[in-house]
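First up is the structure itself, then whatever we jot down about it.
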Amino acid sequence: MLPRLCYIGPELRDSIAGPGQLFRLLSSYPPNRLLTVQSPLADRQVRSTLHDPTVRLPSFPALRSPRARTLYELTFLFGRSVWAAWLQHRLHHLPCDAVLSLAHGWLCEPALEFARRQHVPFYLILHDHPRTTLPVPRALAKYRLGRWRRLCRAAAACLCISPFMAEHVQRLTGRTSPVLYPGVAPGSRLAAWEAPSHDAPLTFAFAGSFHGPYRALLETLARELASSGHRLLLHSPDSHRLAAGPANRAVTDAGWVPPHDLAATLRAEANVLFLPMSFLRADRSNMRVAFPSKLAEYCAAGRPVLVWGPPYSSACRWAKAHAGFAEVVDTLSISDLRQALARLSADPHRRRRMGQESLRLALQFFSHEKTFATFIAALSNSDMRSQKPKPTGQPVTA
């Protein structure tokens, strides 16, 4: 029997971001074995959440402000004992066998303290680098690293989004961690490759939000596609940002698609799928370890992938390690991008082989059955289940 699981973390929502991975996993978890304590979202435009939480943390209108949101998050860090006591009071009549959290905001700190007080194992999912997901003032950067390291050490298991995150955790903590890749939605069809509806001109597609460096890469791609007669479909809430300028004749706003329909939609309309990664120095640490969740849906679509990012990024490294499904451009050179586009345009038989390899990788790494089994194995491992969270003690600063 599966453990009675208490999830404490950000609101579970249907997305291709970090919480979306847990949305898919826990949607298959028996509801009578699952408690959820979910923090309020800053973005209230979310289309779908898992189900009504057992407990929803207090929400305030001011939390729409990024500054207020950060201050609210810091109450979880510095008031973790108070929040843990509050959780004990609210959940005292609901027993649990294990506590699960996501290192996406500081609610993972009260989750660890609550698990310690309940004398049950604590499990932590690591999706992004702590600099990206655990907000603190700049002066507390070393303190954040110390707290993150202690969270990892205290957990019965850290489930890492990529092998590169697992390597990072091992370097910092000395412990081995299972890799829990992002998975596609339950019921996604991965049975057979399907040919695209057309081969000329090519349709490239991108799914997800974009800003800053991602916008610049998309604009550059759109200009190159416009000059060669191809087009770019955007399934993004930010599509309007590319509506103006010389690239707009290649860009089509294809509308938002629910993640559970995304792979099928991309399969029906696209020839190639675009995956950019940031070249900015400030993003380097996250690019090294975070794994783009949209890659699971891209592979499930059974289409070639154009990866454009720095050579140290997880997407480029993973694509090179699993050669055959992607064209990789690991410089900012427009010439390199043009050569990759020319290779993709030249040979429909090669694109077919790349798409078939994408689908094979989806079956091997990203199917819901595969990721859910990895998740349950981590929870059910007798050695891990027997561990109790270790006291966090005083935070280190290095």
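Naming scheme: A, B, ... for chains in displayed order of the structure tokens; residues 1 onward per chain; ligands 1 onward as shown.
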When DSSP is applied to the backbone of this structure, which of range 201-356 of chain A are assigned alpha helix (DSSP H)? Write them out as an NGL selection string.
:A and (213-228 or 259-269 or 284-289 or 294-301 or 314-321 or 334-346 or 348-356)
So, with only C-alpha atoms as the atoms that count, which of A:Arg284, A:Arg189, A:Arg80, A:Arg317 lies closest to His129 in chain A?
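Looking at the shortest contact to His129 in chain A, the residue is A:Arg284.
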I want to know what sits within 7 Å of Ser101 in chain A, based on only C-alpha atoms, with residues of the same chain fewer than 5 positions away left out; could you give that as a PDB file with C-alpha atoms, in the first residue's frame?
```
ATOM      1  CA  TYR A   7       2.378  17.313   0.136  1.00  0.00           C
ATOM      2  CA  ILE A   8       3.351  20.788   1.412  1.00  0.00           C
ATOM      3  CA  GLY A   9       4.355  23.277  -1.265  1.00  0.00           C
ATOM      4  CA  CYS A 108       9.798  23.480   2.008  1.00  0.00           C
ATOM      5  CA  ALA A 111       7.495  21.119   5.544  1.00  0.00           C
ATOM      6  CA  TYR A 123      11.120  13.896   0.550  1.00  0.00           C
ATOM      7  CA  LEU A 124      12.277  16.842  -1.538  1.00  0.00           C
ATOM      8  CA  ILE A 125      11.937  17.411  -5.284  1.00  0.00           C
TER       9      ILE A 125
END
```
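Every protein or nucleic acid residue with an atom no more than 6 Å from range 152-168 of chain A, counting only C-alpha atoms and leaving out same-chain residues fewer than 3 positions away, appears here: Pro121, Phe122, Tyr123, Leu124, Ile125, Leu126, His127, Arg149, Arg171, Ser177, Pro178, Val179, Leu180, Tyr181, Val289, Phe291, Met384, Gln387, Pro389 and Lys390 of chain A.
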Strand (DSSP E or B) per DSSP on the backbone: members of range 273-359 of chain A, as a list in words:
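Answer for range 273-359 of chain A restricted to strand (DSSP E or B) is Leu273, Phe274, Leu275, Pro276, Val305, Leu306, Val307, Trp308, Ala326, Glu327, Val328 and Val329 of chain A.
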Can you work out the spacing between CA of Arg56 in chain A and CA of Pro292 in chain A in Å, to one decimal?
28.2 Å
Selected residue, from A:Phe23, A:Phe206, A:Trp106, A:Tyr298, that lies nearest to Ser39 in chain A when counting only C-alpha atoms:
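Closest to Ser39 in chain A of all the choices is A:Trp106.
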Please list as a PyMOL selection string every residue within 10 Å of range 210-223 of chain A, counting only C-alpha atoms and excluding residues in the same chain fewer than 5 positions away.
chain A and resi 204+228+230-234+236-239+241-242+245-251+274-280+283+308-309+332+334+337-338+341
Filtering to C-alpha atoms, could you give me those residues as a PDB file, in the first residue's frame?
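Just written: out19.pdb:
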```pdb
ATOM      1  CA  PHE A 204       8.524  25.532 -36.151  1.00  0.00           C
ATOM      2  CA  SER A 228      13.589  31.515 -45.713  1.00  0.00           C
ATOM      3  CA  HIS A 230       9.195  29.149 -42.909  1.00  0.00           C
ATOM      4  CA  ARG A 231       6.993  30.106 -39.956  1.00  0.00           C
ATOM      5  CA  LEU A 232       6.980  30.030 -36.167  1.00  0.00           C
ATOM      6  CA  LEU A 233       3.942  29.075 -34.060  1.00  0.00           C
ATOM      7  CA  LEU A 234       3.846  30.313 -30.472  1.00  0.00           C
ATOM      8  CA  SER A 236       2.559  31.186 -25.142  1.00  0.00           C
ATOM      9  CA  PRO A 237       0.914  33.841 -22.969  1.00  0.00           C
ATOM     10  CA  ASP A 238       3.723  36.130 -24.158  1.00  0.00           C
ATOM     11  CA  SER A 239       3.026  35.802 -27.895  1.00  0.00           C
ATOM     12  CA  ARG A 241       5.672  40.425 -27.435  1.00  0.00           C
ATOM     13  CA  LEU A 242       6.731  39.176 -30.870  1.00  0.00           C
ATOM     14  CA  GLY A 245       8.896  44.185 -35.840  1.00  0.00           C
ATOM     15  CA  PRO A 246      10.403  42.623 -38.960  1.00  0.00           C
ATOM     16  CA  ALA A 247       9.932  39.066 -37.718  1.00  0.00           C
ATOM     17  CA  ASN A 248       6.169  39.308 -37.241  1.00  0.00           C
ATOM     18  CA  ARG A 249       5.326  37.932 -40.706  1.00  0.00           C
ATOM     19  CA  ALA A 250       6.798  34.570 -39.658  1.00  0.00           C
ATOM     20  CA  VAL A 251       5.083  34.476 -36.249  1.00  0.00           C
ATOM     21  CA  PHE A 274      12.261  25.015 -30.681  1.00  0.00           C
ATOM     22  CA  LEU A 275      13.949  24.844 -27.279  1.00  0.00           C
ATOM     23  CA  PRO A 276      16.002  27.926 -26.263  1.00  0.00           C
ATOM     24  CA  MET A 277      18.242  28.143 -23.176  1.00  0.00           C
ATOM     25  CA  SER A 278      19.640  31.365 -21.708  1.00  0.00           C
ATOM     26  CA  PHE A 279      23.196  32.447 -22.512  1.00  0.00           C
ATOM     27  CA  LEU A 280      23.206  35.101 -19.755  1.00  0.00           C
ATOM     28  CA  ASP A 283      21.427  32.315 -15.500  1.00  0.00           C
ATOM     29  CA  TRP A 308      19.757  26.676 -28.937  1.00  0.00           C
ATOM     30  CA  GLY A 309      21.702  27.280 -25.763  1.00  0.00           C
ATOM     31  CA  LEU A 332      25.283  32.765 -30.374  1.00  0.00           C
ATOM     32  CA  ILE A 334      23.868  33.426 -36.527  1.00  0.00           C
ATOM     33  CA  LEU A 337      21.935  28.829 -36.487  1.00  0.00           C
ATOM     34  CA  ARG A 338      21.538  29.151 -40.254  1.00  0.00           C
ATOM     35  CA  LEU A 341      18.160  25.425 -40.115  1.00  0.00           C
TER      36      LEU A 341
END
```
